[in-house]
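Trainee: Provided below: start-v4.txt, containing compact mmCIF, C-alpha atoms and all ligand atoms.
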# COMPACT_ATOMS: atom_id res chain seq x y z
CA MET A 193 140.41 175.21 289.20
CA GLY A 194 142.91 178.10 289.54
CA LYS A 195 144.71 179.29 286.44
CA ASN A 196 148.50 178.91 286.36
CA ARG A 197 148.36 176.81 289.49
CA ILE A 198 150.14 173.47 289.27
CA HIS A 199 147.76 170.98 290.82
CA LEU A 200 148.38 167.75 292.69
CA SER A 201 146.12 165.53 290.56
CA LEU A 202 143.28 166.77 288.38
CA ALA A 203 140.98 164.67 286.23
CA LYS A 204 142.15 164.31 282.63
CA LEU A 205 139.31 163.97 280.13
CA SER A 206 139.53 161.81 277.03
CA GLY A 207 137.09 164.01 275.14
CA THR A 208 134.54 161.28 274.48
CA GLU A 209 132.84 161.57 277.88
CA ILE A 210 130.05 163.81 276.51
CA GLU A 211 129.26 161.35 273.70
CA TYR A 212 128.69 158.49 276.13
CA ILE A 213 126.69 160.73 278.46
CA GLN A 214 124.64 161.94 275.48
CA GLN A 215 123.90 158.33 274.60
CA THR A 216 122.68 157.53 278.11
CA PHE A 217 120.45 160.62 277.97
CA SER A 218 119.12 159.63 274.53
CA ASP A 219 118.33 156.19 275.91
CA ASN A 220 116.60 157.99 278.80
CA TRP A 221 118.69 155.88 281.14
CA VAL A 222 119.28 158.65 283.68
CA THR A 223 119.32 156.37 286.68
CA THR A 224 121.43 153.62 288.21
CA GLY A 225 122.45 150.41 286.43
CA GLY A 226 121.67 149.82 282.75
CA PRO A 227 123.67 149.09 279.59
CA HIS A 228 126.52 151.56 280.22
CA VAL A 229 127.10 150.25 283.73
CA ALA A 230 127.18 146.69 282.35
CA LEU A 231 129.59 147.75 279.60
CA PHE A 232 131.84 149.56 282.07
CA GLU A 233 131.92 146.43 284.25
CA ASN A 234 132.86 144.35 281.18
CA LYS A 235 135.70 146.67 280.25
CA LEU A 236 137.09 146.54 283.76
CA GLN A 237 136.73 142.78 283.86
CA THR A 238 138.74 142.50 280.64
CA PHE A 239 141.34 144.85 282.10
CA LEU A 240 141.65 143.00 285.42
CA GLY A 241 141.39 139.47 284.01
CA ASP A 242 138.31 137.62 282.86
CA GLU A 243 138.20 135.30 285.87
CA HIS A 244 137.21 138.25 288.09
CA PHE A 245 133.74 139.72 288.59
CA VAL A 246 133.31 143.48 288.75
CA ALA A 247 130.39 145.24 290.48
CA ALA A 248 130.19 148.97 289.68
CA LEU A 249 129.13 151.00 292.73
CA ASN A 250 128.75 154.65 293.62
CA SER A 251 132.06 155.10 295.49
CA GLY A 252 135.20 153.39 296.67
CA THR A 253 134.00 153.82 300.23
CA SER A 254 130.69 152.04 299.59
CA SER A 255 132.65 149.29 297.80
CA ILE A 256 134.78 148.77 300.92
CA HIS A 257 131.64 148.78 303.07
CA LEU A 258 129.93 146.20 300.86
CA GLY A 259 133.10 144.08 300.85
CA LEU A 260 133.01 143.97 304.66
CA ILE A 261 129.30 143.08 304.62
CA LEU A 262 129.99 140.20 302.21
CA LEU A 263 132.79 139.06 304.52
CA SER A 264 130.13 138.93 307.28
CA VAL A 265 131.74 141.63 309.41
CA LYS A 266 129.28 142.37 312.19
CA LYS A 267 128.98 144.26 315.44
CA ASP A 268 131.81 143.53 317.91
CA ASP A 269 133.92 141.73 315.29
CA VAL A 270 137.55 142.70 314.87
CA VAL A 271 139.00 143.87 311.54
CA ILE A 272 142.68 144.55 310.89
CA CYS A 273 143.50 147.60 308.77
CA GLN A 274 146.68 149.17 307.46
CA SER A 275 147.16 152.38 309.47
CA PHE A 276 148.92 154.34 306.72
CA THR A 277 145.97 155.11 304.46
CA PHE A 278 143.00 157.39 303.83
CA SER A 279 140.26 157.27 306.48
CA ALA A 280 137.85 155.71 303.96
CA SER A 281 139.78 152.43 304.27
CA ALA A 282 138.70 152.09 307.92
CA ASN A 283 135.45 154.04 308.33
CA PRO A 284 133.33 151.14 307.01
CA ILE A 285 134.65 148.97 309.87
CA LEU A 286 132.92 151.41 312.21
CA TYR A 287 129.77 151.51 310.03
CA GLN A 288 129.46 147.80 310.86
CA GLY A 289 129.98 148.41 314.58
CA ALA A 290 133.19 146.36 314.44
CA THR A 291 136.54 147.25 316.02
CA PRO A 292 139.53 148.27 313.88
CA ILE A 293 143.01 147.07 314.81
CA PHE A 294 145.68 149.15 313.09
CA VAL A 295 148.91 147.77 311.70
CA ASP A 296 152.05 149.69 310.76
CA SER A 297 153.80 149.84 307.39
CA GLU A 298 157.15 148.42 306.35
CA SER A 299 159.61 150.84 304.78
CA ASP A 300 159.99 149.05 301.40
CA THR A 301 156.50 149.59 299.95
CA TRP A 302 155.07 151.79 302.78
CA ASN A 303 152.22 149.27 303.03
CA ILE A 304 151.08 146.80 305.69
CA CYS A 305 154.02 145.18 307.50
CA PRO A 306 153.88 141.35 307.53
CA ILE A 307 155.64 141.12 310.91
CA ALA A 308 153.36 143.61 312.66
CA LEU A 309 150.37 142.00 310.96
CA GLU A 310 151.20 138.61 312.40
CA GLN A 311 151.70 140.15 315.86
CA ALA A 312 148.28 141.81 315.60
CA ILE A 313 146.61 138.53 314.58
CA ASN A 314 148.26 136.60 317.42
CA SER A 315 147.25 139.22 319.95
CA CYS A 316 143.63 139.12 318.73
CA MET A 317 143.63 135.31 318.95
CA LEU A 318 144.99 135.45 322.52
CA ASN A 319 142.04 137.69 323.35
CA GLY A 320 139.73 135.08 321.86
CA LYS A 321 138.81 137.20 318.81
CA LYS A 322 139.99 135.95 315.46
CA PRO A 323 139.98 138.92 313.04
CA LYS A 324 137.21 138.72 310.44
CA ALA A 325 139.23 140.44 307.69
CA ILE A 326 142.49 142.19 306.84
CA ILE A 327 142.32 145.46 304.89
CA ALA A 328 145.57 145.83 302.94
CA VAL A 329 146.13 148.96 300.84
CA ASN A 330 148.18 149.63 297.69
CA LEU A 331 149.10 153.15 298.81
CA TYR A 332 149.79 155.77 296.13
CA GLY A 333 149.62 152.88 293.65
CA MET A 334 152.40 150.77 295.19
CA PRO A 335 151.48 147.08 295.57
CA PHE A 336 151.79 145.77 299.11
CA LYS A 337 154.02 142.74 299.80
CA VAL A 338 151.55 140.43 298.12
CA ASP A 339 153.32 137.08 298.65
CA GLU A 340 153.94 137.65 302.37
CA ILE A 341 150.48 139.07 303.12
CA LEU A 342 148.61 136.36 301.16
CA ALA A 343 150.67 133.69 302.95
CA ILE A 344 149.59 135.12 306.33
CA SER A 345 145.98 135.31 305.16
CA LYS A 346 146.17 131.63 304.20
CA LYS A 347 148.03 130.51 307.33
CA TYR A 348 145.40 132.00 309.66
CA ASP A 349 142.47 131.63 307.25
CA ILE A 350 141.54 135.32 307.41
CA PRO A 351 140.23 136.91 304.19
CA ILE A 352 141.85 139.98 302.60
CA LEU A 353 139.95 143.04 301.48
CA GLU A 354 142.35 144.73 299.07
CA ASP A 355 141.93 148.50 299.06
CA SER A 356 143.26 149.23 295.60
CA ALA A 357 141.41 152.56 295.40
CA GLU A 358 144.58 154.30 294.24
CA ALA A 359 146.12 151.46 292.28
CA LEU A 360 144.14 150.65 289.14
CA GLY A 361 146.72 149.41 286.64
CA SER A 362 149.38 148.60 289.23
CA LYS A 363 150.68 145.05 289.10
CA PHE A 364 152.56 142.50 291.17
CA LYS A 365 154.31 139.73 289.25
CA ASN A 366 152.34 140.85 286.22
CA LYS A 367 148.95 140.37 287.90
CA GLN A 368 146.64 143.34 288.35
CA CYS A 369 146.21 144.95 291.76
CA GLY A 370 142.66 144.72 293.03
CA THR A 371 142.59 140.99 292.21
CA PHE A 372 144.71 139.66 295.09
CA GLY A 373 142.23 139.92 297.93
CA ASP A 374 139.09 137.86 298.51
CA PHE A 375 137.55 141.18 297.51
CA GLY A 376 139.22 144.13 295.82
CA VAL A 377 138.19 147.77 295.66
CA VAL A 378 139.02 150.50 293.15
CA SER A 379 137.91 154.15 293.38
CA PHE A 380 136.97 156.49 290.52
CA ASN A 381 136.81 159.64 292.61
CA GLY A 382 137.77 162.85 290.78
CA ASN A 383 141.47 162.79 291.58
CA LYS A 384 142.17 159.09 291.00
CA ILE A 385 143.97 157.69 287.94
CA ILE A 386 140.68 157.61 286.04
CA THR A 387 137.40 159.08 287.25
CA THR A 388 133.67 158.61 286.90
CA SER A 389 133.23 161.88 288.92
CA ALA A 390 132.32 159.60 291.82
CA GLY A 391 132.33 155.83 291.78
CA GLY A 392 134.04 152.59 292.61
CA ILE A 393 134.09 148.87 291.97
CA LEU A 394 134.03 145.81 294.15
CA VAL A 395 136.02 143.00 292.54
CA ALA A 396 134.76 139.53 293.47
CA LYS A 397 136.17 136.05 292.89
CA ASP A 398 132.96 134.43 291.65
CA LYS A 399 129.55 135.13 290.17
CA GLU A 400 127.75 134.28 293.39
CA GLN A 401 129.58 137.02 295.32
CA TYR A 402 128.99 139.43 292.44
CA ASP A 403 125.24 138.72 292.54
CA LYS A 404 125.21 139.24 296.30
CA ALA A 405 127.01 142.58 295.92
CA ILE A 406 124.43 143.79 293.38
CA PHE A 407 121.60 142.54 295.62
CA TYR A 408 122.81 144.52 298.65
CA ALA A 409 123.75 147.55 296.51
CA THR A 410 120.19 147.79 295.15
CA GLN A 411 118.27 147.80 298.45
CA SER A 412 118.29 144.00 298.94
CA ARG A 413 115.12 143.63 296.95
CA GLU A 414 113.90 140.02 296.82
CA THR A 415 112.28 138.64 293.65
CA ALA A 416 108.61 139.52 294.09
CA PRO A 417 106.21 141.88 292.27
CA HIS A 418 106.08 144.13 295.33
CA TYR A 419 109.06 145.39 297.32
CA GLU A 420 109.98 142.46 299.57
CA HIS A 421 112.95 142.70 301.93
CA SER A 422 114.54 140.26 304.34
CA LYS A 423 117.97 141.89 304.57
CA ILE A 424 119.19 145.45 305.21
CA GLY A 425 119.71 147.06 301.81
CA TYR A 426 121.97 149.84 300.52
CA ASN A 427 121.68 152.35 297.70
CA TYR A 428 125.19 151.79 296.37
CA ARG A 429 124.78 151.05 292.65
CA MET A 430 126.65 153.16 290.10
CA SER A 431 124.69 155.72 288.08
CA SER A 432 124.58 155.29 284.32
CA VAL A 433 125.85 158.87 283.86
CA CYS A 434 128.92 158.03 285.95
CA ALA A 435 129.49 154.79 284.02
CA SER A 436 129.33 156.81 280.79
CA ILE A 437 132.20 158.97 282.01
CA GLY A 438 134.01 155.76 283.02
CA LEU A 439 133.66 154.27 279.52
CA ALA A 440 135.38 157.30 278.05
CA GLN A 441 138.03 157.24 280.77
CA MET A 442 138.88 153.58 280.12
CA GLU A 443 140.10 154.70 276.68
CA ILE A 444 142.94 156.68 278.28
CA LEU A 445 143.71 154.49 281.29
CA GLU A 446 146.90 153.00 279.82
CA LYS A 447 148.03 156.44 278.70
CA ASN A 448 147.43 157.86 282.19
CA ILE A 449 149.42 155.07 283.77
CA ALA A 450 152.32 155.71 281.39
CA LYS A 451 152.12 159.44 282.09
CA ARG A 452 152.06 159.04 285.87
CA ARG A 453 155.04 156.68 285.70
CA ASP A 454 156.79 159.20 283.51
CA ASN A 455 156.09 161.92 286.11
CA ASN A 456 157.60 159.66 288.72
CA LEU A 457 160.75 159.14 286.63
CA PHE A 458 161.00 162.91 286.23
CA TYR A 459 161.06 163.38 290.02
CA ARG A 460 163.46 160.46 290.45
CA ASN A 461 165.97 162.12 288.11
CA LEU A 462 165.40 165.51 289.71
CA ILE A 463 166.11 164.39 293.28
CA LYS A 464 169.36 162.65 292.28
CA LYS A 465 170.93 166.11 292.42
CA ILE A 466 169.61 166.83 295.91
CA PRO A 467 171.01 165.11 299.02
CA GLY A 468 168.48 164.14 301.68
CA LEU A 469 165.56 163.47 299.32
CA SER A 470 164.23 160.00 298.55
CA MET A 471 161.06 158.48 297.09
CA GLN A 472 158.62 155.61 297.50
CA THR A 473 160.26 153.01 295.26
CA GLU A 474 159.37 149.64 293.71
CA PRO A 475 161.44 147.17 295.78
CA ASP A 476 162.22 144.99 292.74
CA ASP A 477 160.84 144.24 289.31
CA SER A 478 157.95 142.13 290.68
CA TYR A 479 156.39 145.47 291.58
CA PHE A 480 154.78 147.76 289.03
CA SER A 481 153.18 150.89 290.51
CA ASN A 482 150.85 153.15 288.55
CA PHE A 483 152.49 155.90 290.65
CA TRP A 484 149.10 157.56 291.07
CA LEU A 485 150.89 160.14 293.19
CA SER A 486 154.63 160.74 293.26
CA THR A 487 155.84 161.21 296.80
CA ILE A 488 159.15 162.30 298.36
CA LEU A 489 160.71 162.04 301.78
CA VAL A 490 162.62 165.06 303.02
CA ASP A 491 165.33 164.07 305.50
CA ALA A 492 165.74 167.30 307.47
CA LYS A 493 169.02 166.10 309.02
CA LYS A 494 170.60 165.68 305.60
CA CYS A 495 169.18 168.68 303.74
CA GLY A 496 168.62 171.14 306.59
CA LYS A 497 165.02 171.78 305.54
CA THR A 498 161.72 170.13 306.40
CA ASN A 499 158.87 168.80 304.29
CA THR A 500 156.61 171.50 305.75
CA GLU A 501 159.02 174.30 304.79
CA PHE A 502 159.18 172.85 301.28
CA ARG A 503 155.38 172.57 301.06
CA LEU A 504 154.98 176.22 302.06
CA PHE A 505 157.66 177.27 299.57
CA LEU A 506 155.89 175.34 296.77
CA GLU A 507 152.62 176.99 297.81
CA SER A 508 154.29 180.43 297.46
CA GLN A 509 155.14 179.41 293.89
CA ASN A 510 151.51 178.38 293.27
CA ILE A 511 152.49 174.71 293.20
CA GLU A 512 150.17 172.39 295.09
CA SER A 513 151.70 169.69 297.26
CA ARG A 514 150.21 167.84 300.19
CA PRO A 515 151.34 165.96 303.30
CA LEU A 516 151.10 162.17 303.06
CA TRP A 517 148.08 160.39 304.59
CA LYS A 518 148.24 160.86 308.34
CA PRO A 519 148.29 157.34 309.83
CA LEU A 520 144.88 156.40 311.16
CA HIS A 521 146.13 155.28 314.58
CA MET A 522 147.22 158.92 315.09
CA GLN A 523 143.77 160.31 314.19
CA ASN A 524 141.30 161.47 316.80
CA ILE A 525 138.51 159.13 315.71
CA PHE A 526 140.75 156.08 315.65
CA ASP A 527 143.44 156.60 318.31
CA LYS A 528 141.61 154.59 320.99
CA TYR A 529 141.98 151.37 318.99
CA PRO A 530 144.98 149.02 319.23
CA PHE A 531 148.01 149.60 317.02
CA PHE A 532 150.83 147.19 316.21
CA GLY A 533 154.17 148.26 314.82
CA LEU A 534 157.27 150.37 315.20
CA ASN A 535 155.89 153.69 313.97
CA ILE A 536 157.41 153.44 310.52
CA ALA A 537 154.27 154.98 309.00
CA LYS A 538 154.52 157.87 311.46
CA SER A 539 158.09 158.58 310.47
CA ILE A 540 157.25 158.40 306.73
CA PHE A 541 154.31 160.75 307.35
CA GLU A 542 156.51 163.21 309.20
CA GLN A 543 159.00 163.47 306.34
CA GLY A 544 156.77 163.00 303.31
CA LEU A 545 155.11 165.11 300.67
CA CYS A 546 152.85 164.32 297.68
CA LEU A 547 153.95 166.20 294.56
CA PRO A 548 152.04 167.34 291.46
CA SER A 549 151.38 164.05 289.68
CA GLY A 550 148.48 164.66 287.30
CA SER A 551 148.13 162.93 283.96
CA ASN A 552 148.07 166.47 282.50
CA LEU A 553 151.43 167.62 283.92
CA ASN A 554 153.24 169.34 281.04
CA ASP A 555 156.84 170.26 280.21
CA LEU A 556 156.44 173.90 281.20
CA GLU A 557 155.07 172.86 284.59
CA LYS A 558 157.89 170.38 285.00
CA SER A 559 160.47 173.08 284.37
CA ILE A 560 158.77 175.36 286.93
CA ILE A 561 158.84 172.49 289.42
CA THR A 562 162.52 171.77 288.64
CA ASN A 563 163.40 175.40 289.35
CA ALA A 564 161.42 175.33 292.59
CA PHE A 565 163.31 172.23 293.80
CA LEU A 566 166.71 173.67 292.88
CA ASN A 567 165.96 177.12 294.31
CA PHE A 568 164.73 175.70 297.57
CA PHE A 569 167.23 172.91 298.21
CA ILE A 570 170.41 173.98 296.42
CA LYS A 571 170.59 177.79 296.47
C1 LIG B 1 140.00 157.43 297.47
C2 LIG B 1 140.23 156.34 298.44
C3 LIG B 1 139.17 155.62 299.01
C4 LIG B 1 137.74 156.03 298.87
O1 LIG B 1 137.26 156.08 297.59
P1 LIG B 1 136.02 157.06 297.26
O2 LIG B 1 135.67 156.69 295.87
O3 LIG B 1 136.52 158.46 297.40
O4 LIG B 1 134.92 156.77 298.23
C5 LIG B 1 139.46 154.55 299.83
N1 LIG B 1 140.72 154.19 300.11
C6 LIG B 1 141.78 154.87 299.61
C7 LIG B 1 143.16 154.40 299.93
C8 LIG B 1 141.57 155.98 298.78
O5 LIG B 1 142.61 156.67 298.32
Rewrite the structure of this file - the entire thing - as structure tokens.
Ligand SMILES: *Cc1c(COP(=O)(O)O)cnc(C)c1O
Mentor:
Amino acid sequence: MGKNRIHLSLAKLSGTEIEYIQQTFSDNWVTTGGPHVALFENKLQTFLGDEHFVAALNSGTSSIHLGLILLSVKKDDVVICQSFTFSASANPILYQGATPIFVDSESDTWNICPIALEQAINSCMLNGKKPKAIIAVNLYGMPFKVDEILAISKKYDIPILEDSAEALGSKFKNKQCGTFGDFGVVSFNGNKIITTSAGGILVAKDKEQYDKAIFYATQSRETAPHYEHSKIGYNYRMSSVCASIGLAQMEILEKNIAKRRDNNLFYRNLIKKIPGLSMQTEPDDSYFSNFWLSTILVDAKKCGKTNTEFRLFLESQNIESRPLWKPLHMQNIFDKYPFFGLNIAKSIFEQGLCLPSGSNLNDLEKSIITNAFLNFFIK
């Protein structure tokens, strides 16, 4: 990783990763599953709340895929998905041969809009296809409108798959994100709030679903001395080496959350001085975001400059920033599928920028960033 460059979001190591990895090597457990995977699952269960069941898998994407399988999503089914998200939220719908229906965001949390969601459901029902699942995302760590979305899920009896890949440690009304859906997913990819290098979890509501997840994730092997299969299996279980990294990372999770929220506060104070800039914001104190990434909106009409101009300026200062997720209904692979909404996500995308938000961001870097903001917008 480039020297002197200020990065968007790098992994922060606790320092004990090697010890846990060493232990797994000493145990000669250099494979999937095993004691460290079980321990990592326990730690996450304690973190999320003991009534939940945590299956450690090899990525967030495979966790979403397995969630859809456990929700019986099959060929020609319809699945509703928040449009404003990373493509990995929706790709597994296509793995199953099902059809995605994309739903816009609302401007408070930037997540799935309850009104557009209900329109999408009603339209599907009119076409004789009740959606099999709703994929709701806690984007950049911000909880979606949990009460409204769960009420719709209940009203129409459609399960929620909560893509909380970016939101470990975020809360709504003091309850952990990832635990609101019928299934929840967290990612431990390298740039997330903690990492296992690659990995994810599927959070289930009961032991039976947990057992099913592990069954499918380990090639759907039936109990028999030989390899007996009656279901399609997947190789989705987490490696013990990855779980070892995760055990070390759990030790700094709370610290990382505090640091990322602190970064966010830093930007919030900084933009007060600059007209035309705003941020993704917790609507009220029911919402607690881990602020995995801090994001701004640049209103070109008010500040005379665009998000792209600012991104290129930051790049010239060796500061990494990145456009927001391009809504999926605007992407080539997804634009033939139905979309419901008023293009709020599109307008957020067109003005937005992700800023350096790493758990390592230091005071010197913050002062360089402050100068960059002031030089670009004020001078
Ligand atoms: C990172 C991410 C995923 C995928 O997780 P991986 O572990 O990279 O497979 C899914 N959804 C969202 C919103 C993400 O940010």
Trainee: Quick one, how far is CA of Leu260 (chain A) from CA of Gln288 (chain A)?
Mentor: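 Going from CA of Leu260 (chain A) over to CA of Gln288 (chain A) covers 8.1 Å.
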Trainee: Could you check the closest approach to Asn448 (chain A) for each of A:Pro351, A:Pro467, A:Gly391, A:Gly550 and tell me which residue wins, using only C-alpha atoms?
Mentor: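 Closest candidate: A:Gly550.
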Trainee: What gap, in Å, lies between CA of Lys367 (chain A) and CA of Tyr332 (chain A)?
Mentor: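 Spanning CA of Lys367 (chain A) to CA of Tyr332 (chain A) is a straight-line distance of 17.5 Å.
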Trainee: Can you list every residue of chain A that has an atom at most 7 Å from ligand LIG 1 (chain B), with its nearest atom pair and the distance in Å to one decimal, using all atoms listed in the file, ordered by chain then number, as a tab-separated table?
Mentor:
residue	atom	partner	partner_atom	distance
A:Ser251	CA	B:LIG1	O2	4.0
A:Gly252	CA	B:LIG1	O2	3.4
A:Thr253	CA	B:LIG1	O4	3.7
A:Ser254	CA	B:LIG1	O4	6.5
A:Thr277	CA	B:LIG1	C7	5.4
A:Phe278	CA	B:LIG1	C7	4.9
A:Ala280	CA	B:LIG1	C5	4.6
A:Ser281	CA	B:LIG1	N1	4.6
A:Val329	CA	B:LIG1	C7	6.3
A:Leu331	CA	B:LIG1	C7	6.2
A:Asp355	CA	B:LIG1	N1	5.9
A:Ser356	CA	B:LIG1	C7	6.7
A:Ala357	CA	B:LIG1	C8	4.8
A:Glu358	CA	B:LIG1	O5	5.1
A:Ser379	CA	B:LIG1	O2	4.2
A:Phe380	CA	B:LIG1	O2	5.5
A:Asn381	CA	B:LIG1	O2	4.5
A:Ala390	CA	B:LIG1	O2	6.0
A:Gly391	CA	B:LIG1	O2	5.4
A:Gly392	CA	B:LIG1	O2	5.5
Trainee: Give me the residues near region 219-228 of chain A as a VMD selection string, where near means some atom within 7 Å (using all atoms listed in the file) and where sequence neighbours in that chain fewer than 6 positions away do not count.
Mentor: chain A and resid 429 to 433 435 to 436
Trainee: Create the file for the chosen residues now, containing C-alpha atoms and written as a PDB file, keeping the file's coordinate frame.
Mentor:
ATOM      1  CA  ARG A 429     124.780 151.050 292.650  1.00  0.00           C
ATOM      2  CA  MET A 430     126.650 153.160 290.100  1.00  0.00           C
ATOM      3  CA  SER A 431     124.690 155.720 288.080  1.00  0.00           C
ATOM      4  CA  SER A 432     124.580 155.290 284.320  1.00  0.00           C
ATOM      5  CA  VAL A 433     125.850 158.870 283.860  1.00  0.00           C
ATOM      6  CA  ALA A 435     129.490 154.790 284.020  1.00  0.00           C
ATOM      7  CA  SER A 436     129.330 156.810 280.790  1.00  0.00           C
TER       8      SER A 436
END
Trainee: To one decimal place, how far is CA of Phe532 (chain A) from CA of Ser315 (chain A) in Å?
Mentor: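 Here the two named atoms are 9.5 Å from each other.
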Trainee: Which residue, A:Asn196, A:Lys397, A:His257, A:Asn283, has the smallest gap to Asn427 (chain A) when you use only C-alpha atoms?
Mentor: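 Ranked by minimum distance to Asn427 (chain A), first place goes to A:His257.
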Trainee: How big is the axis-aligned box around all listed atoms of region 535-548 of chain A once 3 Å goes on each side, and where's its centre, in Å to one decimal, as JSON?
Mentor:
{"center_x": 155.5, "center_y": 160.4, "center_z": 302.7, "size_x": 13.0, "size_y": 19.9, "size_z": 28.5}
Trainee: Set the distance at 7 Å and use all atoms listed in the file: which residues neighbour Phe531 (chain A) once local chain neighbours fewer than 4 positions away are removed? I'd like the list as a list in words.
Mentor: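 Once the adjacent positions are removed, what remains is Ile293, Phe294, Val295 and His521 of chain A.
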Trainee: Which residue out of A:Met334, A:Ala247, A:Leu489, A:Ile561 has the minimum interatomic distance to Ile511 (chain A) when all atoms listed in the file are used?
Mentor: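 Looking at the shortest contact to Ile511 (chain A), the residue is A:Ile561.
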Trainee: Choose the residue, out of A:Val270, A:Leu556, A:Arg413, A:Gln441, that has the smallest atom-to-atom separation from Ile210 (chain A); count all atoms listed in the file.
Mentor: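 When distances to Ile210 (chain A) are compared using all atoms listed in the file, the smallest one comes from A:Gln441.
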Trainee: In terms of the shortest atom-to-atom distance over all atoms listed in the file, which of A:Asn524, A:Gln411, A:Thr388, A:Ser362 is closest to Asn482 (chain A)?
Mentor: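 That would be A:Ser362, the residue with the smallest distance to Asn482 (chain A).
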Trainee: So which one's closest to Ile304 (chain A), A:Asn554, A:Asn535, A:Ser255, A:Ser279? Using only C-alpha atoms, please.
Mentor: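 Using only C-alpha atoms, Ile304 (chain A) sits closest to A:Asn535.
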Trainee: Please return, as a PyMOL selection string, all polymer residues that have at least one atom within 12 Å of the point (136.0, 150.3, 276.7); use only C-alpha atoms and the file's own coordinate frame.
Mentor: chain A and resi 208-209+212+228-239+435-446
Trainee: Fewer than 5 positions away in the same chain doesn't count, so skip those; otherwise give me all residues within 12 Å of Phe568 (chain A), counting all atoms listed in the file, as a count of residues only.
Mentor: 17
Trainee: Report as a PyMOL selection string all protein, DNA and RNA residues lying within 9 Å of Thr291 (chain A), evaluated on only C-alpha atoms, omitting residues in the same chain fewer than 3 positions from it.
Mentor: chain A and resi 267-272+285-286+288+529
Trainee: Using all atoms listed in the file, which residues sit within 10 Å of Ala405 (chain A) once same-chain residues fewer than 4 positions away are excluded, as an MDAnalysis selection string?
Mentor: chainID A and resid 246:249 255 258:259 261:262 394:396 399:401 409:410 412 426 428:429
Trainee: Some atoms are absent from region 319-323 of chain A, so rebuild all heavy atoms and return them as a short mmCIF file (atom, residue, chain, number, x, y, z; two decimals), keeping the file's coordinate frame.
Mentor:
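Produced file rebuild-v1.cif, reproduced below:
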data_model
loop_
_atom_site.label_atom_id
_atom_site.label_comp_id
_atom_site.auth_asym_id
_atom_site.auth_seq_id
_atom_site.Cartn_x
_atom_site.Cartn_y
_atom_site.Cartn_z
N ASN A 319 143.22 137.10 322.72
CA ASN A 319 142.04 137.69 323.35
C ASN A 319 140.75 136.98 322.94
O ASN A 319 139.65 137.46 323.23
CB ASN A 319 141.92 139.18 322.98
CG ASN A 319 143.04 139.99 323.61
OD1 ASN A 319 143.51 139.68 324.69
ND2 ASN A 319 143.48 141.02 322.91
N GLY A 320 140.89 135.87 322.23
CA GLY A 320 139.73 135.08 321.86
C GLY A 320 138.92 135.66 320.71
O GLY A 320 137.77 135.30 320.51
N LYS A 321 139.54 136.57 319.94
CA LYS A 321 138.81 137.20 318.81
C LYS A 321 139.63 137.05 317.55
O LYS A 321 140.55 137.83 317.30
CB LYS A 321 138.61 138.70 319.09
CG LYS A 321 137.49 139.00 320.04
CD LYS A 321 136.33 139.62 319.28
CE LYS A 321 135.15 139.85 320.21
NZ LYS A 321 133.90 140.02 319.51
N LYS A 322 139.30 136.07 316.74
CA LYS A 322 139.99 135.95 315.46
C LYS A 322 139.51 137.06 314.53
O LYS A 322 138.29 137.22 314.35
CB LYS A 322 139.69 134.59 314.87
CG LYS A 322 140.40 134.33 313.57
CD LYS A 322 140.18 132.91 313.09
CE LYS A 322 140.48 132.80 311.63
NZ LYS A 322 140.30 131.46 311.10
N PRO A 323 140.42 137.84 313.94
CA PRO A 323 139.98 138.92 313.04
C PRO A 323 139.13 138.37 311.89
O PRO A 323 139.42 137.30 311.36
CB PRO A 323 141.28 139.53 312.53
CG PRO A 323 142.30 139.15 313.55
CD PRO A 323 141.87 137.81 314.09
#
